[in-house]
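Below is one structure, written out as structure tokens, with a few remarks after it.
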Amino acid sequence: MTELWQIDPREADSRHPVIQAAAALLRAGKQVAFPTETVYGLGADAGNTEAVDGIFRAKGRPSDNPLIVHIADRSQLEGLVGPLDETSLRLMDAFWPGPLTLVLPVRPGAVSERVTAGLATVAVRMPDHPVALALIAAAGCPVAAPSANRSGRPSPTRAAHVLGDLGGRVAAIVDGGPTGVGIESTVAELAADGGVQVLRPGGVSLEALRRAVPGVPVTAAAEWPGGGADPAAAAAALPGERASAALRPGAGAPELHAPRSPGMKYAHYAPRGRLTVVRAALPARLMSWIDQDISQAQAAGERTGVLARSERAALYRADVVVSLGADGDAQEVARGLYDALRRFDEAGATYILAEALEEDGLGAAVMNRLRKAAAGRVIDLDAE
Ligand code: TXA
Ligand code: MG
């Protein structure tokens with residue numbers, strides 16, 4: 001039995017009956033899904049190993065992938081992490097509450113070892129969502145929460161996604177409406193040289209981080225261009241028919257890196273259909289290439305999908321076209337991306353093309369997720 005409770009985020013405070021009921025479940029060691037500004041999280045008391053175990057069981061998540069601890073107030077950091085450096089404090093000032101997760105030295109025994117997967121660090125963030133903040137405050141404990149999807153599914157941006165994935169497996173879902181950012185938080189760690197290393201791109205862009213800590217080097221951890229658990233397998237999956245036959249640089253040769261963020265080594269969500277990302281500087285070129293490729297795929301019996309910007313969406317003749325944002329509006333693409341991927345599956349699409357985005361600002365994080373969903377298949381028409 002999973003309780004489904006609705007709440008208007010504008011009415012969320014610690015005394016709200018829905019918040020009270022959800023907080024009581026968390027205190028009793030249960031798992032509760034709740035909205036954050038990025039995606040829905042599946043929360044449990046971070047200090048309660050039984051409760052945290054329940055998260056891994058409900059999601060079917062590998063136990064060596066640590067969880068993010070969510071706090072509602074900076075005072076909760078005291079019991080959680082060791083002394084803080086100047087750069088981390090400046091990043092908190094700039095982005096909390098908000099979609100930035102900081103990997104910090106954990107205070108021994110502060111959270112269950114299941115949360116940190118035995119690492120000497122703990123990932124912490126303060127979500128910018130009134131429901132999340134009220135719930136964490138009412139629970140009175142730091143709340144460990146991964147995204148509230150079954151492992152291997154896209155992160156949920158609506159309560160209905162959570163219900164579909166975890167209905168019957170968690171105590172309650174607090175429905176606060178669709179989330180705003182749509183992709184997960186940026187995970188960053190202070191490097192040994194005093195610089196900031198981004199382990200996972202997300203809701204806070206590299207550019208925004210650099211502006212917040214001028215003079216401090218901010219770098220992105222090398223990402224496997226092929227995405228997924230096994231770079232060799234991702235590369236082997238590249239050759240194929242149609243779109244992939246025209247594979248160009250841009251997908252690049254997979255390189256091996258030991259992932260600093262354990263979650264980066266796991267295969268990410270890929271739609272059931274074969275997804276390829278297509279890039280071209282000229283919209284007309286992009287449009288005509290996709291149009292032609294989709295026609296060929298249809299002639300070959302594929303059920304086709306296109307993920308497009310609004311300027312061109314109406315012109316595509318694919319079986320399923322999802323329009324997300326205008327050219328240059330990465331925010332809108334991020335907000336609807338995971339819902340779109342779920343829709344292609346529901347529609348039974350077997351062959352999907354996605355228009356690429358400029359990789360600046362939030363576009364970098366969206367392209368990171370798209371590349372993973374496409375197992376590294378990116379066609380750059382300008383490189384022909
Ligand atoms: O926006 C978000 O971050 C959402 C919402 C619910 O807050 N949460 C989320 O959690 O995306 P999850 O579990 O799906 O992703 C957590 C990421 C994983 O890649 C994990 O490996 C990394 O954070 N992580 C957690 N603890 C870490 C640590 N101590 N060191 C390095 N990476 C860590
Ligand atoms: Mg996740």
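Scheme for the structure tokens: letters A, B, ... for chains in order shown; per-chain residue numbers from 1; ligand numbers from 1 in order shown.
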Inset, instruction - Could you tell me, counting only C-alpha atoms and all ligand atoms, which protein and nucleic acid residues lie no more than 6 Å from ligand 2, written as a PyMOL selection string? - result: chain A and resi 146-147+155
Using N, CA and C atoms, can you export the residues from the last selection as a PDB file, in the first residue's frame?
ATOM      1  N   PRO A 146      17.846   9.357  -2.977  1.00  0.00           N
ATOM      2  CA  PRO A 146      18.186   9.287  -4.398  1.00  0.00           C
ATOM      3  C   PRO A 146      16.958   9.674  -5.208  1.00  0.00           C
ATOM      4  N   SER A 147      17.101   9.765  -6.502  1.00  0.00           N
ATOM      5  CA  SER A 147      15.934  10.004  -7.347  1.00  0.00           C
ATOM      6  C   SER A 147      14.946   8.850  -7.160  1.00  0.00           C
ATOM      7  N   SER A 155      14.831   9.533 -14.139  1.00  0.00           N
ATOM      8  CA  SER A 155      14.415  10.165 -12.894  1.00  0.00           C
ATOM      9  C   SER A 155      12.999  10.719 -13.052  1.00  0.00           C
TER      10      SER A 155
END
Inset, instruction - Collect all residues with atoms no farther than 7 Å from ligand 1, counting only C-alpha atoms and all ligand atoms, and output them as a PyMOL selection string. - result: chain A and resi 36+38-42+65-68+99+101+103+116+119+121-123+127+145-148+183-187+200+260-264
Inset, instruction - Excluding segment 317-333 of chain A and any residue of its chain fewer than 4 positions from it, enumerate the residues within 7 Å of it, using only C-alpha atoms, and give them as a VMD selection string. - result: chain A and resid 294 303 to 311 313 337 340 362 to 363
Residue selection dump (N, CA and C atoms) as a PDB file, in the first residue's frame:
ATOM      1  N   ILE A 294      14.108   9.938 -40.896  1.00  0.00           N
ATOM      2  CA  ILE A 294      12.879   9.387 -40.298  1.00  0.00           C
ATOM      3  C   ILE A 294      12.043   8.691 -41.384  1.00  0.00           C
ATOM      4  N   ARG A 303       8.847   2.308 -35.794  1.00  0.00           N
ATOM      5  CA  ARG A 303       7.941   3.281 -35.210  1.00  0.00           C
ATOM      6  C   ARG A 303       8.824   4.418 -34.702  1.00  0.00           C
ATOM      7  N   THR A 304       8.680   5.609 -35.298  1.00  0.00           N
ATOM      8  CA  THR A 304       9.692   6.650 -35.128  1.00  0.00           C
ATOM      9  C   THR A 304       9.299   7.730 -34.131  1.00  0.00           C
ATOM     10  N   GLY A 305      10.314   8.330 -33.521  1.00  0.00           N
ATOM     11  CA  GLY A 305      10.106   9.440 -32.603  1.00  0.00           C
ATOM     12  C   GLY A 305      11.140  10.522 -32.846  1.00  0.00           C
ATOM     13  N   VAL A 306      10.751  11.784 -32.632  1.00  0.00           N
ATOM     14  CA  VAL A 306      11.705  12.893 -32.706  1.00  0.00           C
ATOM     15  C   VAL A 306      11.517  13.779 -31.482  1.00  0.00           C
ATOM     16  N   LEU A 307      12.625  14.136 -30.861  1.00  0.00           N
ATOM     17  CA  LEU A 307      12.632  15.102 -29.760  1.00  0.00           C
ATOM     18  C   LEU A 307      13.176  16.399 -30.346  1.00  0.00           C
ATOM     19  N   ALA A 308      12.290  17.402 -30.482  1.00  0.00           N
ATOM     20  CA  ALA A 308      12.633  18.595 -31.266  1.00  0.00           C
ATOM     21  C   ALA A 308      12.420  19.882 -30.485  1.00  0.00           C
ATOM     22  N   ARG A 309      13.054  20.975 -30.956  1.00  0.00           N
ATOM     23  CA  ARG A 309      12.717  22.294 -30.443  1.00  0.00           C
ATOM     24  C   ARG A 309      11.424  22.739 -31.124  1.00  0.00           C
ATOM     25  N   SER A 310      10.760  23.679 -30.482  1.00  0.00           N
ATOM     26  CA  SER A 310       9.416  24.061 -30.922  1.00  0.00           C
ATOM     27  C   SER A 310       9.393  24.645 -32.337  1.00  0.00           C
ATOM     28  N   GLU A 311      10.510  25.268 -32.781  1.00  0.00           N
ATOM     29  CA  GLU A 311      10.523  25.875 -34.123  1.00  0.00           C
ATOM     30  C   GLU A 311      10.272  24.847 -35.221  1.00  0.00           C
ATOM     31  N   ALA A 313       9.197  21.353 -34.517  1.00  0.00           N
ATOM     32  CA  ALA A 313       8.438  20.162 -34.117  1.00  0.00           C
ATOM     33  C   ALA A 313       7.263  19.860 -35.044  1.00  0.00           C
ATOM     34  N   LEU A 337      12.612  16.716 -20.284  1.00  0.00           N
ATOM     35  CA  LEU A 337      13.395  15.647 -20.908  1.00  0.00           C
ATOM     36  C   LEU A 337      12.994  14.244 -20.453  1.00  0.00           C
ATOM     37  N   ALA A 340       9.641  13.148 -21.590  1.00  0.00           N
ATOM     38  CA  ALA A 340       9.663  12.837 -23.026  1.00  0.00           C
ATOM     39  C   ALA A 340      10.200  11.430 -23.256  1.00  0.00           C
ATOM     40  N   LEU A 362      22.966  25.220 -18.885  1.00  0.00           N
ATOM     41  CA  LEU A 362      22.231  23.998 -18.580  1.00  0.00           C
ATOM     42  C   LEU A 362      22.281  23.005 -19.748  1.00  0.00           C
ATOM     43  N   GLY A 363      22.563  23.511 -20.958  1.00  0.00           N
ATOM     44  CA  GLY A 363      22.651  22.651 -22.142  1.00  0.00           C
ATOM     45  C   GLY A 363      23.686  21.555 -21.979  1.00  0.00           C
TER      46      GLY A 363
END
Inset, instruction - Could you give me, as a list in words, the residues within 9 Å of Met92 of chain A, counting only C-alpha atoms and dropping anything in the same chain fewer than 6 positions from it? - result: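 In the requested format, the answer is Gly98, Leu100, Leu102, Arg125 and Met126 of chain A.
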Take the residues that were just selected and, keeping N, CA, C and O atoms, output them as an mmCIF file, in the first residue's frame.
data_model
loop_
_atom_site.group_PDB
_atom_site.id
_atom_site.type_symbol
_atom_site.label_atom_id
_atom_site.label_comp_id
_atom_site.auth_asym_id
_atom_site.auth_seq_id
_atom_site.Cartn_x
_atom_site.Cartn_y
_atom_site.Cartn_z
ATOM 1 N N GLY A 98 19.291 25.040 -3.471
ATOM 2 C CA GLY A 98 19.357 24.955 -4.927
ATOM 3 C C GLY A 98 20.037 23.684 -5.389
ATOM 4 O O GLY A 98 20.504 22.887 -4.575
ATOM 5 N N LEU A 100 22.708 22.220 -6.201
ATOM 6 C CA LEU A 100 24.132 21.926 -6.091
ATOM 7 C C LEU A 100 24.351 20.983 -4.919
ATOM 8 O O LEU A 100 23.988 21.287 -3.782
ATOM 9 N N LEU A 102 27.219 19.084 -2.670
ATOM 10 C CA LEU A 102 28.647 19.165 -2.344
ATOM 11 C C LEU A 102 29.090 17.884 -1.650
ATOM 12 O O LEU A 102 28.443 17.423 -0.703
ATOM 13 N N ARG A 125 23.005 18.238 0.051
ATOM 14 C CA ARG A 125 22.422 19.397 -0.612
ATOM 15 C C ARG A 125 21.192 19.902 0.134
ATOM 16 O O ARG A 125 20.573 19.162 0.917
ATOM 17 N N MET A 126 20.875 21.186 -0.082
ATOM 18 C CA MET A 126 19.679 21.794 0.477
ATOM 19 C C MET A 126 18.754 22.113 -0.695
ATOM 20 O O MET A 126 19.022 23.027 -1.475
#
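Proximity of A:Val278, A:Leu206, A:Ala139, A:Ala364 to Arg15 of chain A, computed with only C-alpha atoms, is greatest for A:Ala139.
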Inset, instruction - Output as a ChimeraX atom specification all residues of segment 259-378 of chain A that backbone DSSP marks as helix (DSSP H, G or I). - result: /A:262-265,283-299,310-313,330-346,362-373
Legend entry - Among listed residues A:Leu199, A:Leu353, A:Ala284, A:Ile290, nearest Asn368 of chain A (using only C-alpha atoms):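 Residue with the minimum atom-to-atom distance to Asn368 of chain A: A:Leu199.
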Legend entry - Close residues, segment 163-178 of chain A itself excluded, 10 Å, only C-alpha atoms, min 4 positions apart in chain, as a PyMOL selection string: chain A and resi 1-10+12+18-19+21-22+25-26+29-43+54-55+57-59+129-132+135+148-151+153-159+182+335-336
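Across the model, the gap from atom CA of Arg272 of chain A to atom CA of Arg369 of chain A is 15.5 Å.
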Inset, instruction - Would you list the contacts of Ala281 of chain A as a VMD selection string, taking every protein, DNA or RNA residue within 12 Å and counting only C-alpha atoms, but skipping same-chain residues closer than 3 positions in sequence? - result: chain A and resid 278 284 to 287 327 355 to 358 380 to 383
Legend entry - A:Ile71, A:Leu209, A:Leu104, A:Val111 ranked by distance to Leu133 of chain A, top pick (using only C-alpha atoms): A:Ile71
Legend entry - Counting only C-alpha atoms, the residue of A:Gly180, A:Asp193, A:Tyr351, A:Pro83 that sits nearest Asp293 of chain A: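 The answer is A:Tyr351, which sits nearest to Asp293 of chain A.
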Legend entry - Distance of atom CA of Phe95 of chain A from atom CA of Ala44 of chain A, expressed in Å to one decimal place: 23.9 Å
